[in-house]
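These notes concern the structure reproduced below.
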Amino acid sequence: MQRLDLSKAVTPKFIPKHPRHRWYWFPHSFSPELVEEILQHWGLPQGAHLLDPFVGSGTTTLVAKQRRLQPVGFDISPLAVLVSKAKTESYDVQHLHAVKLQILDLAEEGIGSDQIDPSPFEGSRQLKKAFTHSEFQSLESLRIAIDRIATGAVRLFFTTALLSTLKVFSRGIASGGWLKWVDKEEASSEEIMQEFKRRAEIMISDVGQSLLPHLEADIREFDPLSEKIAASHFDAVITSPPYPNKHDYTRVFHVELAFLGKTEPEIKALRKQMLRSHVEGKLLPKSSEFKIPPILLESIRQIEGHVDRRLPKMLRGYFEDIFLLMENLKFATKRDAPIALVVGNVRYAGVDITVDELIREVAEQSGFIHEETWITRYRGNSAQQMARYGRTPMRESIVFLRNGN
Ligand SMILES: C[S@@+](CC[C@H](N)C(=O)[O-])C[C@H]1O[C@@H](n2cnc3c(N)ncnc32)[C@H](O)[C@@H]1O
């Protein structure tokens with residue numbers, strides 16, 4: 001079914017106008033309107049447990065909490081978990097104002113360069129490319145001040161403000177699925193402090209205008225591909241797994257992860273653990289029960305020899321990981337629980353990989369029943385591919401399933 005009225009909602013387009021959602025922006029998010037539309041379609045009762053096993057910047061969990069559902073979110077990225085948690089917490093506005101002033105005072109005056117450990121900066125090629133030494137020191141003094149003054153949710157709140165400040169000054173900019181390096185003039189310490197203050201104030205004003213119900217959101221670092229989710233717990237799932245478009249989130253967010261203290265080997269390990277939507281994933285096979293859909297095998301045969309040799313392996317790995325996810329969701333969701341998977345088709349060497357149809361087939365292997373698919377958007381693939389193979393649009397869809405087990 002065509003639902004092209006959702007073509008913008010399936011992208012992060014509307015996020016900047018939503019209090020709280022706009023605190024931290026991921027280029028691969030969907031907008032709250034998409035979650036609202038799906039929830040309205042289902043009509044879940046208040047208090048229903050809603051899971052997003054790839055929570056990203058927390059769009060699903062925040063809408064769920066606003067709608068008085070019980071939100072649970074998983075992600076293996078500590079950055080995703082941090083910002084998603086910050087967005088769903090309750091805060092006291094007066095307290096936030098007071099803490100903001102203390103953080104700024106301490107960061108501006110109290111932290112001398114002798115108290116700043118230079119080793120994270122010296123040890124990270126990405127941090128050194130993204131910031132000058134003096135910019136890093138200003139950002140780091142804010143981070144130290146936040147850690148000394150704030151605790152619990154308030155610490156997450158100001159760390160989120162700092163992470164969004166960091167994006168403004170970084171010379172690494174997320175562009176599509178990659179980091180593009182640009183030239184920027186060195187920012188002064190005052191400019192960095194002012195930007196942090198401005199962002200913190202927008203966030204505080206958002207808290208004032210978007211009070212949340214008292215419901216505990218459970219958002220944590222968890223890998224739904226290899227760890228078992230609690231059985232029969234969830235009433236519904238809304239999620240968007242990474243698309244098999246080679247984008248690597250650990251590269252897109254490398255600067256932020258390094259700033260959060262992740263070492264290069266830790267970031268590399270995270271890359272290997274990510275769902276195999278990029279070519280540096282784990283080796284095959286992980287599941288003996290997964291049967292590769294014949295259409296996928298045929299598509300792989302057609303592209304072999306025309307693409308990076310790692311790509312066919314990535315595609316098999318991608319659908320095997322989706323199978324592992326569905327096997328897990330089969331036990332984690334209640335009988336007849338509705339599931340919405342937001343997915344995008346891709347094209348390699350002129351061959352369409354119809355992810356929406358293939359995911360349906362893989363989910364059926366795990367006993368899910370396909371209800372319907374909404375086509376929400378048609379898009380081109382990379383500029384390079386369009387130049388080579390012409391612009392035939394590719395679908396971005398929502399696949400609706402039901403647990404038939
Ligand atoms: C497309 S994004 C989700 C965006 C989200 N819907 C939003 O609105 O912000 C996919 C997420 O899956 C996460 N991810 C990838 N592999 C994972 C794994 N094995 N376990 C948990 N999360 C994973 C990534 O870190 C990323 O945040």
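Chain lettering (A, B, ...) mirrors the order of the structure tokens, residue numbering begins at 1 for each chain separately, and ligand numbering begins at 1 in order of display.
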Residues within 6 Å of ligand 1, counting only C-alpha atoms and all ligand atoms, as a PyMOL selection string: chain A and resi 26+28-30+54-59+74-77+80+222-225+239-242+273-275
Surrounding residues of Ser366 (chain A) excluding itself and chain neighbours under 4 positions, 12 Å, only C-alpha atoms, as a ChimeraX atom specification: /A:289-291,320,322-331,359-362,370,401-405
Dump as a compact mmCIF listing (two decimals), in the first residue's frame, selection limited to N, CA and C atoms:
# COMPACT_ATOMS: atom_id res chain seq x y z
N GLU A 289 20.17 -22.39 11.26
CA GLU A 289 18.77 -22.56 10.83
C GLU A 289 18.35 -21.57 9.74
N PHE A 290 19.16 -20.57 9.50
CA PHE A 290 18.78 -19.54 8.54
C PHE A 290 18.87 -20.08 7.11
N LYS A 291 17.77 -19.90 6.38
CA LYS A 291 17.77 -20.33 4.97
C LYS A 291 17.80 -19.08 4.10
N GLU A 320 20.90 -12.69 7.67
CA GLU A 320 21.06 -13.66 8.75
C GLU A 320 20.87 -12.95 10.10
N ILE A 322 19.02 -10.31 10.59
CA ILE A 322 17.59 -10.04 10.72
C ILE A 322 16.87 -11.31 11.20
N PHE A 323 17.31 -12.45 10.70
CA PHE A 323 16.74 -13.72 11.15
C PHE A 323 16.96 -13.91 12.65
N LEU A 324 18.20 -13.62 13.10
CA LEU A 324 18.51 -13.76 14.53
C LEU A 324 17.63 -12.82 15.36
N LEU A 325 17.40 -11.63 14.84
CA LEU A 325 16.53 -10.67 15.53
C LEU A 325 15.11 -11.24 15.63
N MET A 326 14.60 -11.74 14.52
CA MET A 326 13.22 -12.25 14.51
C MET A 326 13.07 -13.46 15.42
N GLU A 327 14.09 -14.31 15.45
CA GLU A 327 14.05 -15.47 16.35
C GLU A 327 13.94 -15.00 17.80
N ASN A 328 14.65 -13.93 18.10
CA ASN A 328 14.62 -13.38 19.46
C ASN A 328 13.25 -12.73 19.74
N LEU A 329 12.75 -11.98 18.76
CA LEU A 329 11.46 -11.28 18.95
C LEU A 329 10.30 -12.27 19.05
N LYS A 330 10.48 -13.42 18.42
CA LYS A 330 9.43 -14.45 18.46
C LYS A 330 9.09 -14.82 19.91
N PHE A 331 10.13 -14.92 20.75
CA PHE A 331 9.91 -15.27 22.16
C PHE A 331 9.66 -14.04 23.03
N ILE A 359 12.93 -9.16 3.94
CA ILE A 359 12.72 -9.19 5.41
C ILE A 359 11.42 -9.92 5.73
N ARG A 360 10.43 -9.68 4.93
CA ARG A 360 9.15 -10.38 5.12
C ARG A 360 9.39 -11.90 5.05
N GLU A 361 10.15 -12.32 4.03
CA GLU A 361 10.40 -13.75 3.86
C GLU A 361 11.17 -14.34 5.04
N VAL A 362 12.18 -13.58 5.49
CA VAL A 362 13.00 -14.04 6.61
C VAL A 362 12.14 -14.12 7.89
N HIS A 370 2.84 -11.88 7.83
CA HIS A 370 2.93 -10.56 7.19
C HIS A 370 1.53 -9.98 7.08
N LEU A 401 4.19 -6.85 10.66
CA LEU A 401 4.13 -8.29 10.93
C LEU A 401 3.35 -8.52 12.22
N ARG A 402 3.00 -9.79 12.42
CA ARG A 402 2.32 -10.16 13.66
C ARG A 402 2.93 -11.47 14.14
N ASN A 403 3.13 -11.58 15.45
CA ASN A 403 3.72 -12.81 15.96
C ASN A 403 2.69 -13.95 15.91
N GLY A 404 2.89 -14.87 15.00
CA GLY A 404 1.94 -15.97 14.84
C GLY A 404 2.36 -17.22 15.59
N ASN A 405 3.33 -17.10 16.49
CA ASN A 405 3.84 -18.32 17.16
C ASN A 405 3.03 -18.68 18.40
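Closest approach to Leu96 (chain A) from the set A:Arg271, A:Arg309, A:Lys17, A:Arg155 is made by A:Arg155, with distances taken over only C-alpha atoms.
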According to DSSP computed on the backbone, where in region 158-359 of chain A is there helix (DSSP H, G or I)? Give the residues as a CSV table (one decimal) with N, CA and C atoms, in the first residue's frame.
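Writing done, so here's result_6.csv:
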chain,number,residue,atom,x,y,z
A,158,PHE,N,23.2,17.1,30.7
A,158,PHE,CA,24.3,18.1,30.3
A,158,PHE,C,25.3,17.5,29.3
A,159,THR,N,25.5,16.2,29.5
A,159,THR,CA,26.4,15.5,28.5
A,159,THR,C,25.8,15.5,27.1
A,160,THR,N,24.5,15.4,27.1
A,160,THR,CA,23.8,15.5,25.8
A,160,THR,C,24.0,16.9,25.2
A,161,ALA,N,23.8,17.9,26.0
A,161,ALA,CA,24.0,19.3,25.6
A,161,ALA,C,25.5,19.4,25.0
A,162,LEU,N,26.4,18.8,25.7
A,162,LEU,CA,27.8,18.9,25.3
A,162,LEU,C,28.1,18.2,24.0
A,163,LEU,N,27.5,17.0,23.9
A,163,LEU,CA,27.7,16.3,22.6
A,163,LEU,C,27.1,17.0,21.4
A,164,SER,N,26.0,17.7,21.6
A,164,SER,CA,25.4,18.4,20.5
A,164,SER,C,26.3,19.7,20.2
A,165,THR,N,26.9,20.2,21.3
A,165,THR,CA,27.8,21.4,21.1
A,165,THR,C,29.1,20.9,20.3
A,166,LEU,N,29.6,19.8,20.7
A,166,LEU,CA,30.7,19.2,20.0
A,166,LEU,C,30.6,19.1,18.5
A,167,LYS,N,29.3,18.7,18.1
A,167,LYS,CA,29.0,18.5,16.7
A,167,LYS,C,29.2,19.9,15.9
A,168,VAL,N,28.9,21.0,16.6
A,168,VAL,CA,29.0,22.3,15.9
A,168,VAL,C,30.4,22.6,15.6
A,169,PHE,N,31.4,22.2,16.4
A,169,PHE,CA,32.8,22.6,16.2
A,169,PHE,C,33.6,21.5,15.5
A,189,SER,N,37.6,29.6,23.3
A,189,SER,CA,36.9,29.0,24.4
A,189,SER,C,35.6,29.6,24.7
A,190,GLU,N,35.5,31.0,24.6
A,190,GLU,CA,34.2,31.7,24.8
A,190,GLU,C,33.1,31.2,23.9
A,191,GLU,N,33.5,31.0,22.6
A,191,GLU,CA,32.5,30.5,21.6
A,191,GLU,C,32.0,29.2,22.0
A,192,ILE,N,32.9,28.3,22.5
A,192,ILE,CA,32.4,26.9,22.8
A,192,ILE,C,31.5,27.0,24.1
A,193,MET,N,31.9,27.8,25.1
A,193,MET,CA,31.1,27.9,26.3
A,193,MET,C,29.7,28.5,26.0
A,194,GLN,N,29.7,29.5,25.1
A,194,GLN,CA,28.4,30.2,24.7
A,194,GLN,C,27.5,29.2,24.0
A,195,GLU,N,28.1,28.4,23.1
A,195,GLU,CA,27.2,27.4,22.4
A,195,GLU,C,26.7,26.4,23.3
A,196,PHE,N,27.5,26.0,24.3
A,196,PHE,CA,27.0,25.0,25.3
A,196,PHE,C,25.9,25.6,26.1
A,197,LYS,N,26.1,26.8,26.5
A,197,LYS,CA,25.0,27.5,27.3
A,197,LYS,C,23.7,27.6,26.5
A,198,ARG,N,23.9,28.0,25.2
A,198,ARG,CA,22.7,28.2,24.4
A,198,ARG,C,21.9,26.9,24.2
A,199,ARG,N,22.7,25.8,24.0
A,199,ARG,CA,22.0,24.5,23.8
A,199,ARG,C,21.4,24.1,25.1
A,200,ALA,N,22.1,24.2,26.2
A,200,ALA,CA,21.5,23.8,27.5
A,200,ALA,C,20.2,24.6,27.8
A,201,GLU,N,20.2,25.9,27.4
A,201,GLU,CA,19.0,26.7,27.7
A,201,GLU,C,17.8,26.3,26.8
A,202,ILE,N,18.1,25.9,25.6
A,202,ILE,CA,17.0,25.4,24.7
A,202,ILE,C,16.5,24.1,25.3
A,203,MET,N,17.4,23.3,25.8
A,203,MET,CA,16.9,22.0,26.3
A,203,MET,C,16.1,22.2,27.6
A,204,ILE,N,16.6,23.2,28.4
A,204,ILE,CA,15.8,23.5,29.7
A,204,ILE,C,14.4,24.0,29.4
A,205,SER,N,14.4,24.9,28.3
A,205,SER,CA,13.0,25.4,28.0
A,205,SER,C,12.2,24.3,27.4
A,206,ASP,N,12.7,23.3,26.7
A,206,ASP,CA,12.0,22.2,26.2
A,206,ASP,C,11.4,21.4,27.4
A,207,VAL,N,12.2,21.2,28.5
A,207,VAL,CA,11.7,20.5,29.6
A,207,VAL,C,10.4,21.1,30.2
A,208,GLY,N,10.5,22.5,30.2
A,208,GLY,CA,9.4,23.2,30.8
A,208,GLY,C,8.1,23.0,29.9
A,209,GLN,N,8.3,22.9,28.6
A,209,GLN,CA,7.1,22.8,27.8
A,209,GLN,C,6.7,21.3,27.4
A,249,TYR,N,27.9,3.1,11.5
A,249,TYR,CA,27.6,4.1,12.5
A,249,TYR,C,28.8,4.4,13.4
A,250,THR,N,29.7,3.4,13.5
A,250,THR,CA,30.9,3.6,14.4
A,250,THR,C,31.8,4.6,13.7
A,251,ARG,N,31.8,4.7,12.4
A,251,ARG,CA,32.6,5.7,11.7
A,251,ARG,C,31.9,7.1,11.8
A,252,VAL,N,30.6,7.1,11.5
A,252,VAL,CA,29.8,8.3,11.5
A,252,VAL,C,29.9,9.0,12.9
A,254,HIS,N,32.3,8.4,15.2
A,254,HIS,CA,33.7,8.1,15.7
A,254,HIS,C,34.1,9.1,16.7
A,255,VAL,N,33.9,10.4,16.3
A,255,VAL,CA,34.4,11.5,17.1
A,255,VAL,C,33.7,11.5,18.5
A,256,GLU,N,32.4,11.4,18.5
A,256,GLU,CA,31.6,11.4,19.7
A,256,GLU,C,32.0,10.2,20.6
A,257,LEU,N,32.1,9.0,20.0
A,257,LEU,CA,32.5,7.8,20.8
A,257,LEU,C,33.9,8.0,21.4
A,258,ALA,N,34.8,8.6,20.7
A,258,ALA,CA,36.1,8.8,21.3
A,258,ALA,C,36.0,9.8,22.4
A,259,PHE,N,35.2,10.9,22.2
A,259,PHE,CA,35.1,11.9,23.2
A,259,PHE,C,34.5,11.3,24.5
A,264,GLU,N,40.3,3.3,20.6
A,264,GLU,CA,40.2,2.8,19.2
A,264,GLU,C,39.9,1.3,19.2
A,265,PRO,N,40.5,0.4,20.0
A,265,PRO,CA,40.1,-1.0,19.9
A,265,PRO,C,38.7,-1.2,20.4
A,266,GLU,N,38.2,-0.4,21.3
A,266,GLU,CA,36.8,-0.6,21.7
A,266,GLU,C,35.8,-0.2,20.6
A,267,ILE,N,36.2,0.9,19.8
A,267,ILE,CA,35.3,1.3,18.7
A,267,ILE,C,35.3,0.2,17.6
A,268,LYS,N,36.5,-0.3,17.4
A,268,LYS,CA,36.6,-1.4,16.4
A,268,LYS,C,35.8,-2.6,16.8
A,269,ALA,N,35.8,-2.9,18.1
A,269,ALA,CA,35.0,-4.1,18.6
A,269,ALA,C,33.5,-3.8,18.4
A,270,LEU,N,33.1,-2.6,18.6
A,270,LEU,CA,31.7,-2.2,18.4
A,270,LEU,C,31.3,-2.3,16.9
A,271,ARG,N,32.2,-1.9,16.1
A,271,ARG,CA,32.0,-2.0,14.6
A,271,ARG,C,31.7,-3.5,14.2
A,272,LYS,N,32.5,-4.4,14.8
A,272,LYS,CA,32.3,-5.8,14.5
A,272,LYS,C,31.0,-6.4,15.0
A,273,GLN,N,30.5,-5.8,16.1
A,273,GLN,CA,29.3,-6.3,16.7
A,273,GLN,C,28.0,-5.7,16.1
A,294,PRO,N,15.9,-17.6,-1.9
A,294,PRO,CA,16.4,-17.8,-3.3
A,294,PRO,C,16.6,-16.5,-4.1
A,295,ILE,N,15.7,-15.5,-3.9
A,295,ILE,CA,15.9,-14.2,-4.6
A,295,ILE,C,17.2,-13.5,-4.2
A,296,LEU,N,17.5,-13.6,-2.9
A,296,LEU,CA,18.7,-13.0,-2.5
A,296,LEU,C,19.9,-13.7,-3.1
A,297,LEU,N,19.9,-15.0,-3.1
A,297,LEU,CA,21.0,-15.8,-3.7
A,297,LEU,C,21.2,-15.4,-5.2
A,298,GLU,N,20.1,-15.2,-5.9
A,298,GLU,CA,20.2,-14.8,-7.3
A,298,GLU,C,20.7,-13.4,-7.4
A,299,SER,N,20.3,-12.5,-6.6
A,299,SER,CA,20.8,-11.1,-6.7
A,299,SER,C,22.3,-11.1,-6.4
A,300,ILE,N,22.7,-11.9,-5.4
A,300,ILE,CA,24.1,-12.0,-5.0
A,300,ILE,C,24.9,-12.5,-6.2
A,301,ARG,N,24.4,-13.5,-6.9
A,301,ARG,CA,25.1,-14.1,-8.0
A,301,ARG,C,25.3,-13.1,-9.1
A,302,GLN,N,24.2,-12.2,-9.3
A,302,GLN,CA,24.3,-11.2,-10.3
A,302,GLN,C,25.4,-10.1,-10.0
A,303,ILE,N,25.5,-9.8,-8.8
A,303,ILE,CA,26.5,-8.7,-8.5
A,303,ILE,C,27.9,-9.1,-8.3
A,310,ARG,N,33.6,-8.0,-0.5
A,310,ARG,CA,33.1,-8.2,0.9
A,310,ARG,C,31.5,-8.0,0.9
A,311,LEU,N,31.0,-7.4,-0.2
A,311,LEU,CA,29.6,-7.0,-0.2
A,311,LEU,C,28.6,-8.2,-0.2
A,312,PRO,N,28.9,-9.2,-1.1
A,312,PRO,CA,27.9,-10.4,-1.1
A,312,PRO,C,27.9,-11.0,0.3
A,313,LYS,N,29.0,-11.0,1.0
A,313,LYS,CA,29.1,-11.6,2.4
A,313,LYS,C,28.3,-10.7,3.3
A,314,MET,N,28.4,-9.4,3.1
A,314,MET,CA,27.7,-8.4,4.0
A,314,MET,C,26.1,-8.7,3.8
A,315,LEU,N,25.7,-8.9,2.6
A,315,LEU,CA,24.3,-9.0,2.3
A,315,LEU,C,23.7,-10.3,2.9
A,316,ARG,N,24.5,-11.4,2.8
A,316,ARG,CA,24.0,-12.6,3.5
A,316,ARG,C,24.0,-12.4,5.0
A,317,GLY,N,25.1,-11.8,5.5
A,317,GLY,CA,25.2,-11.5,6.9
A,317,GLY,C,24.0,-10.6,7.4
A,318,TYR,N,23.6,-9.7,6.6
A,318,TYR,CA,22.6,-8.7,7.0
A,318,TYR,C,21.3,-9.5,7.2
A,319,PHE,N,20.9,-10.4,6.3
A,319,PHE,CA,19.6,-11.1,6.4
A,319,PHE,C,19.7,-12.2,7.5
A,320,GLU,N,20.9,-12.7,7.7
A,320,GLU,CA,21.1,-13.7,8.8
A,320,GLU,C,20.9,-13.0,10.1
A,321,ASP,N,21.4,-11.7,10.2
A,321,ASP,CA,21.2,-11.0,11.5
A,321,ASP,C,19.7,-10.6,11.7
A,322,ILE,N,19.0,-10.3,10.6
A,322,ILE,CA,17.6,-10.0,10.7
A,322,ILE,C,16.9,-11.3,11.2
A,323,PHE,N,17.3,-12.5,10.7
A,323,PHE,CA,16.7,-13.7,11.2
A,323,PHE,C,17.0,-13.9,12.7
A,324,LEU,N,18.2,-13.6,13.1
A,324,LEU,CA,18.5,-13.8,14.5
A,324,LEU,C,17.6,-12.8,15.4
A,325,LEU,N,17.4,-11.6,14.8
A,325,LEU,CA,16.5,-10.7,15.5
A,325,LEU,C,15.1,-11.2,15.6
A,326,MET,N,14.6,-11.7,14.5
A,326,MET,CA,13.2,-12.2,14.5
A,326,MET,C,13.1,-13.5,15.4
A,327,GLU,N,14.1,-14.3,15.4
A,327,GLU,CA,14.0,-15.5,16.3
A,327,GLU,C,13.9,-15.0,17.8
A,328,ASN,N,14.6,-13.9,18.1
A,328,ASN,CA,14.6,-13.4,19.5
A,328,ASN,C,13.3,-12.7,19.7
A,329,LEU,N,12.7,-12.0,18.8
A,329,LEU,CA,11.5,-11.3,18.9
A,329,LEU,C,10.3,-12.3,19.0
A,330,LYS,N,10.5,-13.4,18.4
A,330,LYS,CA,9.4,-14.4,18.5
A,330,LYS,C,9.1,-14.8,19.9
A,331,PHE,N,10.1,-14.9,20.8
A,331,PHE,CA,9.9,-15.3,22.2
A,331,PHE,C,9.7,-14.0,23.0
A,332,ALA,N,10.2,-12.9,22.6
A,332,ALA,CA,10.1,-11.7,23.4
A,332,ALA,C,8.8,-11.0,23.3
A,355,VAL,N,14.8,-5.2,0.1
A,355,VAL,CA,14.9,-5.5,1.5
A,355,VAL,C,13.5,-5.7,2.1
A,356,ASP,N,12.6,-4.9,1.7
A,356,ASP,CA,11.2,-5.0,2.4
A,356,ASP,C,10.6,-6.4,2.1
A,357,GLU,N,10.8,-6.9,0.9
A,357,GLU,CA,10.3,-8.3,0.6
A,357,GLU,C,11.1,-9.4,1.2
A,358,LEU,N,12.4,-9.2,1.2
A,358,LEU,CA,13.3,-10.2,1.8
A,358,LEU,C,13.1,-10.3,3.3
A,359,ILE,N,12.9,-9.2,3.9
A,359,ILE,CA,12.7,-9.2,5.4
A,359,ILE,C,11.4,-9.9,5.7
Expected answer as a PyMOL selection string: strand (DSSP E or B) residues in region 58-92 of chain A: chain A and resi 70-75
